[in-house]
>>> print(open('query-v1.txt').read())   # compact mmCIF, C-alpha atoms
# COMPACT_ATOMS: atom_id res chain seq x y z
CA MET J 1458 -11.33 -202.71 -214.42
CA SER J 1459 -13.70 -201.13 -211.95
CA LEU J 1460 -13.14 -197.58 -210.89
CA GLY J 1461 -12.75 -198.47 -207.22
CA VAL J 1462 -9.87 -200.91 -207.59
CA LYS J 1463 -6.90 -200.33 -205.28
CA ARG J 1464 -3.58 -201.85 -206.17
CA GLU J 1465 -2.05 -204.39 -203.85
CA PRO J 1466 1.39 -203.21 -202.74
CA ALA J 1467 4.25 -205.61 -203.23
CA SER J 1468 5.81 -207.04 -200.11
CA VAL J 1469 8.62 -204.66 -199.20
CA SER J 1470 10.10 -204.49 -195.73
CA ASP J 1471 9.90 -201.31 -193.69
CA VAL J 1472 13.69 -201.15 -193.71
CA GLU J 1473 13.66 -201.12 -197.51
CA LEU J 1474 10.95 -198.48 -197.49
CA LEU J 1475 13.02 -196.25 -195.19
CA HIS J 1476 16.03 -196.66 -197.45
CA ALA J 1477 13.85 -195.73 -200.43
CA VAL J 1478 12.57 -192.66 -198.57
CA ALA J 1479 16.18 -191.68 -197.89
CA GLY J 1480 16.68 -191.81 -201.66
CA GLY J 1481 13.77 -189.41 -202.23
CA ASP J 1482 11.03 -191.94 -203.02
CA GLU J 1483 7.70 -190.29 -202.18
CA ALA J 1484 5.73 -193.47 -202.88
CA ALA J 1485 7.78 -195.24 -200.20
CA LEU J 1486 6.94 -192.47 -197.75
CA ALA J 1487 3.26 -192.87 -198.61
CA ARG J 1488 3.49 -196.60 -197.94
CA LEU J 1489 5.19 -196.05 -194.59
CA TYR J 1490 2.44 -193.60 -193.73
CA ASP J 1491 -0.21 -196.15 -194.69
CA ALA J 1492 1.47 -198.79 -192.54
CA TYR J 1493 2.07 -196.69 -189.42
CA ARG J 1494 -0.50 -193.89 -189.45
CA VAL J 1495 -2.97 -195.67 -187.18
CA ILE J 1496 -0.43 -196.70 -184.53
CA LEU J 1497 1.32 -193.34 -184.53
CA PHE J 1498 -1.86 -191.28 -184.59
CA GLY J 1499 -3.25 -193.32 -181.68
CA LEU J 1500 -0.03 -192.66 -179.75
CA LEU J 1501 -0.09 -188.94 -180.55
CA VAL J 1502 -3.72 -188.51 -179.53
CA ARG J 1503 -3.01 -190.36 -176.28
CA ILE J 1504 -0.11 -188.01 -175.52
CA LEU J 1505 -1.64 -184.76 -176.76
CA ASN J 1506 -5.31 -185.41 -175.97
CA SER J 1507 -6.26 -183.54 -179.12
CA ARG J 1508 -6.91 -184.88 -182.60
CA GLU J 1509 -6.09 -181.52 -184.16
CA GLU J 1510 -2.73 -181.26 -182.43
CA ALA J 1511 -2.04 -184.93 -183.14
CA GLU J 1512 -2.68 -184.47 -186.86
CA ASP J 1513 -0.31 -181.52 -186.96
CA VAL J 1514 2.37 -183.55 -185.19
CA LEU J 1515 1.73 -186.60 -187.38
CA GLN J 1516 2.36 -184.43 -190.42
CA ASP J 1517 5.50 -183.07 -188.81
CA VAL J 1518 6.67 -186.61 -187.96
CA PHE J 1519 6.47 -187.78 -191.56
CA ILE J 1520 8.20 -184.64 -192.80
CA GLN J 1521 10.96 -185.52 -190.33
CA VAL J 1522 10.97 -189.08 -191.67
CA TRP J 1523 11.43 -187.61 -195.14
CA ARG J 1524 14.32 -185.45 -193.96
CA ARG J 1525 15.98 -187.93 -191.62
CA ALA J 1526 15.41 -191.36 -193.17
CA LYS J 1527 19.08 -191.41 -194.14
CA ASP J 1528 19.91 -191.44 -190.41
CA PHE J 1529 18.00 -194.67 -189.85
CA ASP J 1530 20.34 -197.57 -189.15
CA GLU J 1531 18.71 -200.99 -188.99
CA LYS J 1532 21.62 -202.26 -186.92
CA ARG J 1533 20.58 -199.91 -184.13
CA GLY J 1534 16.88 -200.75 -184.05
CA ARG J 1535 13.71 -201.60 -185.91
CA PRO J 1536 11.76 -199.14 -188.06
CA PHE J 1537 8.87 -199.47 -185.62
CA THR J 1538 11.07 -198.26 -182.75
CA TRP J 1539 12.60 -195.47 -184.83
CA LEU J 1540 9.21 -194.16 -185.96
CA VAL J 1541 7.53 -194.48 -182.56
CA THR J 1542 10.47 -192.81 -180.81
CA LEU J 1543 10.43 -189.98 -183.33
CA ALA J 1544 6.66 -189.50 -182.99
CA ARG J 1545 6.71 -189.58 -179.20
CA SER J 1546 9.62 -187.18 -179.08
CA ARG J 1547 7.78 -184.65 -181.29
CA ALA J 1548 4.63 -185.03 -179.22
CA ILE J 1549 6.48 -184.44 -175.94
CA ASP J 1550 8.11 -181.38 -177.50
CA ARG J 1551 4.63 -180.15 -178.47
CA ILE J 1552 3.32 -180.71 -174.94
CA ARG J 1553 6.12 -178.59 -173.58
CA GLN J 1554 5.37 -175.89 -176.15
CA LEU J 1555 1.68 -175.90 -175.29
CA GLY J 1556 2.26 -175.96 -171.55
CA ALA J 1557 0.35 -177.98 -169.03
CA ARG J 1558 -2.60 -175.59 -168.82
CA GLN J 1559 -3.32 -175.65 -172.53
CA ARG J 1560 -3.02 -179.42 -172.50
CA LEU J 1561 -5.69 -179.73 -169.79
CA VAL J 1562 -8.04 -177.53 -171.82
CA THR J 1563 -7.56 -179.54 -174.99
CA GLY J 1564 -7.85 -182.73 -172.98
CA ALA J 1565 -11.33 -181.77 -171.89
CA ALA J 1566 -12.33 -181.59 -175.54
CA GLN J 1567 -10.91 -184.97 -176.47
CA GLU J 1568 -12.79 -186.47 -179.36
CA GLN J 1569 -14.17 -189.94 -179.74
CA THR J 1570 -12.14 -192.68 -181.33
CA GLU J 1571 -12.81 -193.65 -184.92
CA VAL J 1572 -13.06 -197.07 -186.39
CA VAL J 1573 -9.85 -198.19 -188.05
CA SER J 1574 -10.43 -198.76 -191.73
CA ASP J 1575 -8.31 -201.79 -192.54
CA ALA J 1576 -9.91 -204.79 -190.89
CA LEU J 1577 -6.87 -207.05 -191.21
CA SER J 1578 -4.47 -204.48 -189.82
CA ASP J 1579 -6.97 -203.78 -187.12
CA THR J 1580 -6.99 -207.42 -186.10
CA LEU J 1581 -3.21 -207.60 -186.07
CA ARG J 1582 -2.89 -204.41 -184.13
CA THR J 1583 -5.45 -205.52 -181.64
CA ALA J 1584 -3.50 -208.71 -181.02
CA LYS J 1585 -0.31 -206.74 -180.44
CA GLN J 1586 -2.13 -204.24 -178.33
CA GLU J 1587 -3.62 -207.01 -176.22
CA THR J 1588 -0.16 -208.51 -175.71
CA VAL J 1589 1.21 -205.20 -174.46
CA GLN J 1590 -1.83 -204.51 -172.31
CA ARG J 1591 -1.66 -208.00 -170.81
CA ALA J 1592 2.01 -207.45 -169.97
CA LEU J 1593 1.21 -204.07 -168.41
CA SER J 1594 -1.59 -205.59 -166.37
CA GLU J 1595 0.92 -207.94 -164.80
CA LEU J 1596 2.89 -205.02 -163.39
CA PRO J 1597 2.07 -203.72 -159.92
CA ASP J 1598 -0.13 -200.60 -160.16
CA GLU J 1599 2.54 -198.24 -158.88
CA GLN J 1600 5.08 -199.49 -161.44
CA ARG J 1601 2.57 -199.27 -164.30
CA ASN J 1602 1.46 -195.77 -163.29
CA THR J 1603 5.07 -194.61 -163.17
CA LEU J 1604 5.73 -195.91 -166.68
CA MET J 1605 2.51 -194.37 -168.02
CA LEU J 1606 3.29 -190.96 -166.52
CA ALA J 1607 6.73 -191.03 -168.08
CA TYR J 1608 5.76 -192.40 -171.47
CA PHE J 1609 2.44 -190.73 -172.21
CA ASP J 1610 2.64 -187.60 -170.05
CA GLY J 1611 6.31 -186.94 -170.72
CA LEU J 1612 7.11 -186.41 -167.04
CA THR J 1613 10.62 -186.77 -165.67
CA GLN J 1614 11.36 -188.83 -162.57
CA SER J 1615 11.39 -185.70 -160.38
CA GLU J 1616 8.09 -184.52 -161.85
CA ILE J 1617 6.53 -187.92 -161.22
CA ALA J 1618 7.81 -187.90 -157.63
CA GLU J 1619 6.27 -184.48 -157.12
CA LYS J 1620 2.99 -185.43 -158.75
CA LEU J 1621 2.64 -188.66 -156.74
CA LYS J 1622 4.15 -187.13 -153.57
CA THR J 1623 6.55 -190.05 -153.49
CA PRO J 1624 10.31 -190.01 -152.76
CA LEU J 1625 12.41 -189.68 -155.87
CA GLY J 1626 14.36 -192.84 -155.03
CA THR J 1627 11.12 -194.81 -154.91
CA VAL J 1628 10.08 -193.51 -158.33
CA LYS J 1629 13.44 -194.50 -159.80
CA THR J 1630 13.15 -198.00 -158.36
CA ARG J 1631 9.56 -198.42 -159.60
CA MET J 1632 10.47 -197.22 -163.06
CA ARG J 1633 13.45 -199.50 -163.43
CA SER J 1634 11.63 -202.52 -161.95
CA GLY J 1635 8.61 -201.88 -164.15
CA MET J 1636 10.73 -201.64 -167.29
CA GLN J 1637 12.66 -204.79 -166.38
CA LYS J 1638 9.47 -206.75 -165.88
CA LEU J 1639 7.89 -205.38 -169.05
CA ARG J 1640 10.99 -206.26 -171.03
CA ALA J 1641 11.04 -209.78 -169.59
CA LEU J 1642 7.38 -210.26 -170.54
CA LEU J 1643 7.59 -208.81 -174.05
CA GLU J 1644 11.08 -209.73 -175.20
CA PRO J 1645 10.15 -213.30 -176.21
CA GLN J 1646 7.50 -211.82 -178.50
CA LEU J 1647 9.55 -208.96 -179.91
CA GLU J 1648 9.78 -210.68 -183.30
CA ASN J 1649 6.02 -210.32 -183.70
CA PHE J 1650 6.17 -206.58 -183.25
CA SER J 1651 8.11 -205.63 -186.35
CA MET L 836 29.40 -192.50 -160.85
CA THR L 837 30.37 -196.07 -161.66
CA HIS L 838 29.52 -198.01 -164.79
CA GLY L 839 26.82 -199.77 -162.76
CA ASP L 840 25.31 -196.43 -161.77
CA TYR L 841 25.01 -195.44 -165.42
CA GLN L 842 23.40 -198.77 -166.26
CA GLU L 843 20.77 -197.99 -163.64
CA LEU L 844 19.82 -194.88 -165.64
CA LEU L 845 19.33 -196.57 -168.99
CA ALA L 846 15.72 -197.73 -168.59
CA ALA L 847 14.58 -194.27 -167.50
CA SER L 848 16.58 -192.73 -170.33
CA ALA L 849 14.65 -194.88 -172.83
CA LEU L 850 11.48 -193.30 -171.42
CA SER L 851 13.07 -189.79 -171.65
CA ALA L 852 12.33 -189.56 -167.94
CA LEU L 853 15.75 -188.68 -166.60
CA ASP L 854 16.20 -185.32 -164.93
CA PRO L 855 18.51 -182.91 -166.78
CA ALA L 856 21.57 -183.57 -164.60
CA ASP L 857 21.30 -187.35 -165.06
CA THR L 858 20.67 -186.88 -168.79
CA ARG L 859 23.88 -184.89 -169.16
CA ALA L 860 25.91 -187.35 -167.10
CA LEU L 861 24.63 -190.36 -169.02
CA SER L 862 25.11 -188.65 -172.36
CA HIS L 863 28.77 -188.03 -171.48
CA HIS L 864 29.22 -191.65 -170.40
CA LEU L 865 27.57 -193.03 -173.55
CA GLU L 866 30.14 -191.31 -175.72
CA SER L 867 32.74 -193.77 -174.47
CA CYS L 868 30.72 -196.84 -173.44
CA GLU L 869 29.65 -199.15 -176.26
CA GLU L 870 28.10 -201.61 -173.81
CA CYS L 871 25.73 -198.99 -172.41
CA ARG L 872 24.87 -197.72 -175.91
CA LEU L 873 23.81 -201.22 -176.93
CA GLU L 874 21.85 -201.74 -173.75
CA LEU L 875 20.11 -198.39 -174.18
CA GLY L 876 19.02 -199.52 -177.65
CA GLN L 877 17.42 -202.60 -176.11
CA TRP L 878 15.60 -200.52 -173.53
CA GLU L 879 14.36 -198.25 -176.30
CA GLU L 880 12.94 -201.25 -178.16
CA SER L 881 10.98 -202.18 -175.03
CA ALA L 882 9.85 -198.62 -174.35
CA ALA L 883 8.55 -198.21 -177.90
CA LEU L 884 6.15 -201.12 -177.36
CA LEU L 885 4.29 -198.97 -174.84
CA ALA L 886 2.94 -197.08 -177.85
CA LEU L 887 0.72 -200.08 -178.48
CA ASP L 888 -1.11 -199.40 -175.25
CA ALA L 889 -2.67 -196.41 -177.01
CA PRO L 890 -5.83 -197.26 -178.96
CA PRO L 891 -5.19 -197.23 -182.72
CA LEU L 892 -6.87 -194.27 -184.37
CA GLU L 893 -7.48 -193.22 -187.95
CA PRO L 894 -6.28 -189.68 -188.75
CA ALA L 895 -8.29 -187.42 -191.05
CA SER L 896 -8.09 -188.50 -194.67
CA ASP L 897 -6.40 -185.30 -195.83
CA VAL L 898 -3.33 -185.70 -193.60
CA ARG L 899 -1.67 -188.05 -196.08
CA ALA L 900 -2.11 -185.59 -198.95
CA ARG L 901 -0.85 -182.73 -196.78
CA ILE L 902 2.29 -184.67 -195.95
CA LEU L 903 2.98 -185.57 -199.56
CA ALA L 904 2.31 -182.02 -200.69
CA SER L 905 4.71 -180.76 -198.02
CA VAL L 906 7.56 -183.06 -198.94
CA ARG L 907 7.18 -182.14 -202.61
CA VAL L 908 8.05 -178.56 -201.81
CA GLU L 909 10.63 -179.59 -199.22
CA PRO L 910 14.18 -178.51 -200.06
CA ARG L 911 16.17 -181.72 -200.24
CA VAL L 912 19.64 -180.79 -201.36
CA GLU L 913 21.00 -184.29 -201.89
CA VAL L 914 18.11 -185.47 -204.03
CA ARG L 915 16.37 -182.48 -205.50
CA PRO L 916 18.33 -179.26 -205.11
CA THR L 917 16.29 -176.14 -204.52
CA VAL L 918 16.38 -173.32 -206.99
CA ASP L 919 18.42 -171.20 -204.59
CA SER L 920 21.04 -173.82 -203.88
CA GLN L 921 21.19 -174.71 -207.55
CA SER L 922 21.73 -171.06 -208.36
CA LYS L 923 24.59 -170.82 -205.88
CA GLN L 924 26.23 -173.89 -207.33
CA ASN L 925 25.83 -172.45 -210.77
CA VAL L 926 27.11 -168.98 -209.97
CA VAL L 927 30.36 -169.91 -208.27
CA PRO L 928 32.27 -171.32 -211.25
CA PHE L 929 31.58 -168.27 -213.38
CA VAL L 930 33.58 -165.91 -211.19
CA VAL L 931 36.82 -167.50 -212.34
CA PRO L 932 36.04 -167.61 -216.08
CA ALA L 933 35.29 -163.89 -215.96
CA ARG L 934 38.98 -163.29 -215.22
CA LYS L 935 40.07 -165.82 -217.80
CA GLN L 936 38.05 -164.00 -220.42
CA LYS L 937 40.47 -161.06 -220.32
CA ASN L 938 43.43 -163.35 -220.99
CA ILE L 939 41.70 -164.90 -223.97
CA TRP L 940 41.42 -161.61 -225.84
CA GLN L 941 44.91 -160.42 -224.88
CA SER L 942 46.59 -163.48 -226.32
CA PHE L 943 44.10 -164.33 -229.04
CA GLY L 944 45.70 -166.44 -231.78
CA SER L 945 47.99 -168.36 -229.52
CA PHE L 946 47.53 -172.04 -228.91
CA GLY L 947 46.61 -171.43 -225.29
CA ALA L 948 44.07 -168.86 -226.31
CA ILE L 949 42.34 -171.34 -228.60
CA ALA L 950 42.06 -173.79 -225.73
CA ALA L 951 40.81 -171.01 -223.50
CA THR L 952 38.28 -170.01 -226.14
CA ILE L 953 36.99 -173.55 -226.25
CA VAL L 954 36.67 -173.53 -222.46
CA PHE L 955 34.92 -170.17 -222.63
CA VAL L 956 32.47 -171.35 -225.27
CA GLY L 957 31.84 -174.47 -223.19
CA LEU L 958 31.17 -172.35 -220.18
CA MET L 959 28.81 -170.13 -222.14
CA ILE L 960 26.90 -173.21 -223.23
CA SER L 961 26.80 -174.30 -219.59
CA VAL L 962 25.38 -170.90 -218.65
CA VAL L 963 22.57 -171.33 -221.16
CA VAL L 964 21.86 -174.92 -220.07
CA LEU L 965 21.89 -174.01 -216.40
CA TRP L 966 19.77 -170.92 -217.03
CA ARG L 967 17.20 -173.13 -218.73
CA GLN L 968 17.36 -175.60 -215.86
CA ASN L 969 16.78 -172.76 -213.43
CA GLN L 970 13.84 -171.55 -215.48
CA SER L 971 12.43 -175.08 -215.39
CA LEU L 972 12.98 -175.35 -211.64
CA ARG L 973 11.38 -171.96 -211.09
CA ALA L 974 8.37 -173.08 -213.12
CA GLN L 975 8.20 -176.25 -211.03
CA ARG L 976 8.51 -174.19 -207.84
CA ASP L 977 5.73 -171.87 -209.00
CA HIS L 978 3.55 -174.90 -209.71
CA GLU L 979 4.28 -176.31 -206.26
CA ARG L 980 3.50 -172.98 -204.62
CA ALA L 981 0.24 -172.79 -206.53
CA ILE L 982 -0.62 -176.30 -205.36
CA LEU L 983 0.26 -175.43 -201.79
CA ALA L 984 -1.89 -172.30 -201.99
CA LEU L 985 -4.73 -174.40 -203.32
CA LEU L 986 -4.30 -176.99 -200.58
CA THR L 987 -4.36 -174.41 -197.83
CA LYS L 988 -7.67 -172.90 -198.95
CA PRO L 989 -10.23 -174.06 -196.40
CA GLU L 990 -12.79 -174.93 -199.05
CA SER L 991 -10.39 -176.92 -201.23
CA GLN L 992 -10.98 -180.59 -201.83
CA MET L 993 -8.50 -183.30 -202.66
CA ALA L 994 -8.65 -186.65 -204.36
CA LYS L 995 -5.97 -189.29 -204.45
CA LEU L 996 -5.60 -191.27 -207.65
CA GLU L 997 -4.04 -194.73 -207.45
CA GLY L 998 -2.28 -196.54 -210.27
CA THR L 999 -4.25 -199.36 -211.87
CA LYS L 1000 -2.73 -202.60 -213.14
CA MET L 1001 -1.62 -200.57 -216.18
CA ALA L 1002 0.62 -198.45 -213.91
CA PRO L 1003 0.90 -200.12 -210.51
CA GLY L 1004 3.67 -197.78 -209.36
CA ALA L 1005 1.86 -194.59 -210.32
CA HIS L 1006 -0.17 -192.25 -208.17
CA ALA L 1007 -1.51 -188.73 -208.36
CA MET L 1008 -3.18 -186.06 -206.32
CA LEU L 1009 -5.86 -183.71 -207.58
CA ALA L 1010 -6.77 -180.65 -205.56
CA TYR L 1011 -9.44 -178.16 -206.51
CA ASP L 1012 -11.16 -175.15 -205.02
CA LYS L 1013 -14.83 -174.23 -204.96
CA ASP L 1014 -14.54 -172.54 -208.37
CA GLY L 1015 -13.23 -175.75 -209.89
CA HIS L 1016 -9.65 -174.53 -210.34
CA ALA L 1017 -7.69 -177.75 -210.13
CA MET L 1018 -4.07 -178.76 -209.87
CA VAL L 1019 -2.92 -182.28 -210.59
CA MET L 1020 0.39 -183.87 -209.66
CA ALA L 1021 1.03 -187.30 -211.12
CA LYS L 1022 4.04 -189.51 -210.51
CA GLY L 1023 5.37 -192.78 -211.83
CA LEU L 1024 3.40 -193.00 -215.06
CA PRO L 1025 4.98 -195.13 -217.80
CA ALA L 1026 6.21 -193.46 -220.97
CA ALA L 1027 3.42 -193.04 -223.50
CA PRO L 1028 3.87 -194.58 -226.98
CA ALA L 1029 4.50 -192.22 -229.90
CA GLY L 1030 1.40 -190.22 -230.80
CA MET L 1031 -0.24 -190.97 -227.47
CA ALA L 1032 -0.62 -188.93 -224.28
CA TYR L 1033 -2.47 -189.04 -221.00
CA GLN L 1034 -5.86 -187.43 -220.55
CA LEU L 1035 -7.68 -186.45 -217.38
CA TRP L 1036 -11.35 -187.34 -216.90
CA PHE L 1037 -14.06 -186.13 -214.54
CA ILE L 1038 -16.72 -188.76 -214.01
CA LYS L 1039 -20.04 -188.11 -212.32
CA ASP L 1040 -23.11 -190.35 -212.50
CA ASN L 1041 -21.38 -192.34 -215.24
CA LYS L 1042 -20.98 -189.20 -217.37
CA LYS L 1043 -17.36 -188.88 -218.47
CA MET L 1044 -16.23 -185.29 -219.00
CA PRO L 1045 -12.86 -184.75 -220.71
CA GLY L 1046 -10.05 -182.86 -219.03
CA LYS L 1047 -6.70 -181.77 -220.38
CA VAL L 1048 -4.29 -183.94 -222.32
CA PHE L 1049 -0.82 -184.01 -220.80
CA THR L 1050 2.60 -185.54 -221.21
CA ILE L 1051 5.08 -186.70 -218.61
CA ASP L 1052 8.74 -185.99 -218.03
CA ALA L 1053 11.53 -188.58 -218.18
CA ALA L 1054 10.77 -189.69 -214.63
CA GLY L 1055 7.09 -190.28 -215.40
CA ASN L 1056 5.91 -187.16 -213.56
CA ALA L 1057 3.51 -184.45 -214.61
CA MET L 1058 1.91 -181.34 -213.18
CA LEU L 1059 -1.04 -179.60 -214.77
CA GLU L 1060 -3.82 -177.17 -214.12
CA ASP L 1061 -7.36 -177.81 -215.21
CA GLU L 1062 -10.94 -176.85 -214.51
CA VAL L 1063 -13.25 -179.30 -212.78
CA PRO L 1064 -16.70 -179.04 -214.42
CA ALA L 1065 -19.37 -177.71 -212.04
CA MET L 1066 -21.28 -180.97 -211.93
CA ALA L 1067 -18.13 -182.92 -211.01
CA ARG L 1068 -17.15 -180.86 -207.99
CA GLU L 1069 -19.00 -183.09 -205.54
CA ALA L 1070 -18.53 -186.86 -205.16
CA ALA L 1071 -16.99 -187.33 -208.57
CA VAL L 1072 -14.44 -189.86 -209.73
CA PHE L 1073 -11.26 -188.69 -211.42
CA ALA L 1074 -9.33 -190.84 -213.83
CA VAL L 1075 -6.44 -190.70 -216.28
CA THR L 1076 -6.43 -192.71 -219.49
CA LEU L 1077 -3.99 -193.14 -222.34
CA GLU L 1078 -5.40 -191.52 -225.48
CA PRO L 1079 -4.30 -190.14 -228.86
CA ALA L 1080 -2.15 -187.05 -228.27
CA THR L 1081 -4.82 -184.82 -229.82
CA GLY L 1082 -7.23 -185.80 -227.04
CA VAL L 1083 -10.68 -187.36 -227.32
CA SER L 1084 -14.15 -186.36 -226.19
CA ALA L 1085 -14.93 -189.78 -224.72
CA PRO L 1086 -12.40 -192.20 -223.22
CA THR L 1087 -11.14 -194.92 -225.54
CA GLY L 1088 -7.95 -196.13 -223.85
CA SER L 1089 -7.03 -197.97 -220.67
CA ILE L 1090 -7.33 -196.35 -217.27
CA TYR L 1091 -3.93 -195.69 -215.67
CA LEU L 1092 -4.97 -193.68 -212.62
CA VAL L 1093 -8.27 -193.52 -210.82
CA SER L 1094 -9.64 -192.04 -207.63
CA GLU L 1095 -11.85 -193.95 -205.26
CA SER L 1096 -15.54 -193.60 -205.97
>>> encode(input="query-v1.txt", output="structure tokens")
Amino acid sequence: MSLGVKREPASVSDVELLHAVAGGDEAALARLYDAYRVILFGLLVRILNSREEAEDVLQDVFIQVWRRAKDFDEKRGRPFTWLVTLARSRAIDRIRQLGARQRLVTGAAQEQTEVVSDALSDTLRTAKQETVQRALSELPDEQRNTLMLAYFDGLTQSEIAEKLKTPLGTVKTRMRSGMQKLRALLEPQLENFS
Amino acid sequence: MTHGDYQELLAASALSALDPADTRALSHHLESCEECRLELGQWEESAALLALDAPPLEPASDVRARILASVRVEPRVEVRPTVDSQSKQNVVPFVVPARKQKNIWQSFGSFGAIAATIVFVGLMISVVVLWRQNQSLRAQRDHERAILALLTKPESQMAKLEGTKMAPGAHAMLAYDKDGHAMVMAKGLPAAPAGMAYQLWFIKDNKKMPGKVFTIDAAGNAMLEDEVPAMAREAAVFAVTLEPATGVSAPTGSIYLVSES
């Protein structure tokens, strides 16, 4: 064999990997990390505007996965949703710890994106990303902005209303309408997002 | 609020965008409304897809190793009890036998005393076994702390070793500092045949320098310390082969673990 050979992992579902992690299988955790690191790290950098903070949170997220994998219930959602929700939640917590001022400072020092290593995964992710971005582009600007401020900036409806100087009732309507439209656009393709 | 009012809150809840008062009200309602719980789950599936609007990014290569190193020292009571929790479990039963011990000597010779003596001897054996287990766990903990200390040194370097076709489920991590002090953690290696053991190798410019010979535990795991030769501290390849248990000066057996070149 050559010294650079990497083994090809067997096809195991993410649900099975999470169950294995719940049983204390470190290799399964490593495989979940390999599968989700790029998506989750991209999300964390987008929320935190700092690679350093995002790496800290990414580490924390997978330690939480290790501790809480036994809580995952496939009947209540997909591993993708569970992991993304966990990552976003930790990032929003971190934002609140850092405070808005610190976040603006770190945002100014945001680093450049890096090329994703796995070409195949990159292609797949790009296709999914394009699907989501296409769906978002079909939303009216004010609905899309409301969703972005909630999801990536972690703002509540009242905070969004204050930031946009818009009545709270209007923000609530935009948020619900935006989510309904996004769901209608993406739901038929949900199977492809596992 | 009506059921319909709560349903209006679900999409915003999936975005964690509800104000505190609405969050509390919805949380209370969800406790008794299965329909809303299911619908919230659907909204959460949709909300999670927004993550894909963020550009995919590659984290630093050492994050993976940091995570795995962290979980190895993570107390996980159900799977791998910590030394402290193990100690507590071990200590509790011996409070009661201490009282029974007095009864044994007072009524020595009786049938009951013989049974009690057997129990006492059994418990003493348990003490020894558990003491040895604790010693082993403490040694493992000390190893893990040493690895963690090594990993947190700013100048430390790490290499991940993947299992080859000889051991597809195996993997290992090698961390070393600027002085070459190295710690290796290997997992999932198959049992070595009698008279054979695993040996670590440092490979630089096709020169193969022997490291320590080591054995694995029943689960296929091993931890060892070694010294990375000076010339192999930069851009080297690390490998593990199966060799005679006495060790060899040049590799003769199959490669079971190897780092990327």
>>> closest_residue(input="query-v1.txt", among="J:Asp1598, J:Asp1482, J:Asp1528, J:Glu1473", to="chain L", atoms="all atoms listed in the file")
J:Asp1482
>>> atom_distance(input="query-v1.txt", atom1="atom CA of Leu1024 of chain L", atom2="atom CA of Leu1077 of chain L")
10.4 Å
>>> atom_distance(input="query-v1.txt", atom1="atom CA of Ala889 of chain L", atom2="atom CA of Gln1586 of chain J")
8.0 Å
>>> closest_residue(input="query-v1.txt", among="J:Thr1538, J:Thr1588, J:Gln1600, J:Gln1554", to="chain L", atoms="all atoms listed in the file")
J:Thr1538
>>> atom_distance(input="query-v1.txt", atom1="atom CA of Lys1000 of chain L", atom2="atom CA of Tyr1033 of chain L")
15.7 Å
>>> interface_residues(input="query-v1.txt", of="chain L", to="chain J", cutoff="7 Å", atoms="all atoms listed in the file", output="MDAnalysis selection string")
chainID L and resid 846:847 850 852:854 876 880:881 883 885:894 898 902 906 914 997:999 1003 1093 1095:1096
>>> residues_around(input="query-v1.txt", residues="Lys1013 of chain L", least_positions_apart="4", cutoff="8 Å", atoms="all atoms listed in the file", output="PDB file with C-alpha atoms, in the frame of the given file")
ATOM      1  CA  GLU L 990     -12.790-174.930-199.050  1.00  0.00           C
ATOM      2  CA  SER L 991     -10.390-176.920-201.230  1.00  0.00           C
ATOM      3  CA  ARG L1068     -17.150-180.860-207.990  1.00  0.00           C
TER       4      ARG L1068
END
>>> closest_residue(input="query-v1.txt", among="J:Ile1552, J:Lys1638, J:Pro1645, J:Thr1603", to="Ser1507 of chain J", atoms="all atoms listed in the file")
J:Ile1552
>>> closest_residue(input="query-v1.txt", among="L:His1016, L:Ser1094, L:Met1044, L:Ala1027", to="Asp1061 of chain L", atoms="only C-alpha atoms")
L:His1016
>>> axis_aligned_box(input="query-v1.txt", around="segment 883-886 of chain L", padding_each_side="8 Å", output="AutoDock Vina command-line options")
--center_x 5.7 --center_y -199.1 --center_z -176.4 --size_x 21.6 --size_y 20.0 --size_z 19.1
>>> closest_residue(input="query-v1.txt", among="L:Ala895, L:Leu861, L:Met993, L:Pro855", to="Glu1510 of chain J", atoms="only C-alpha atoms")
L:Ala895
>>> closest_residue(input="query-v1.txt", among="L:Ala1053, L:Ala856, L:Val1072, L:Leu996", to="Leu1092 of chain L", atoms="all atoms listed in the file")
L:Leu996
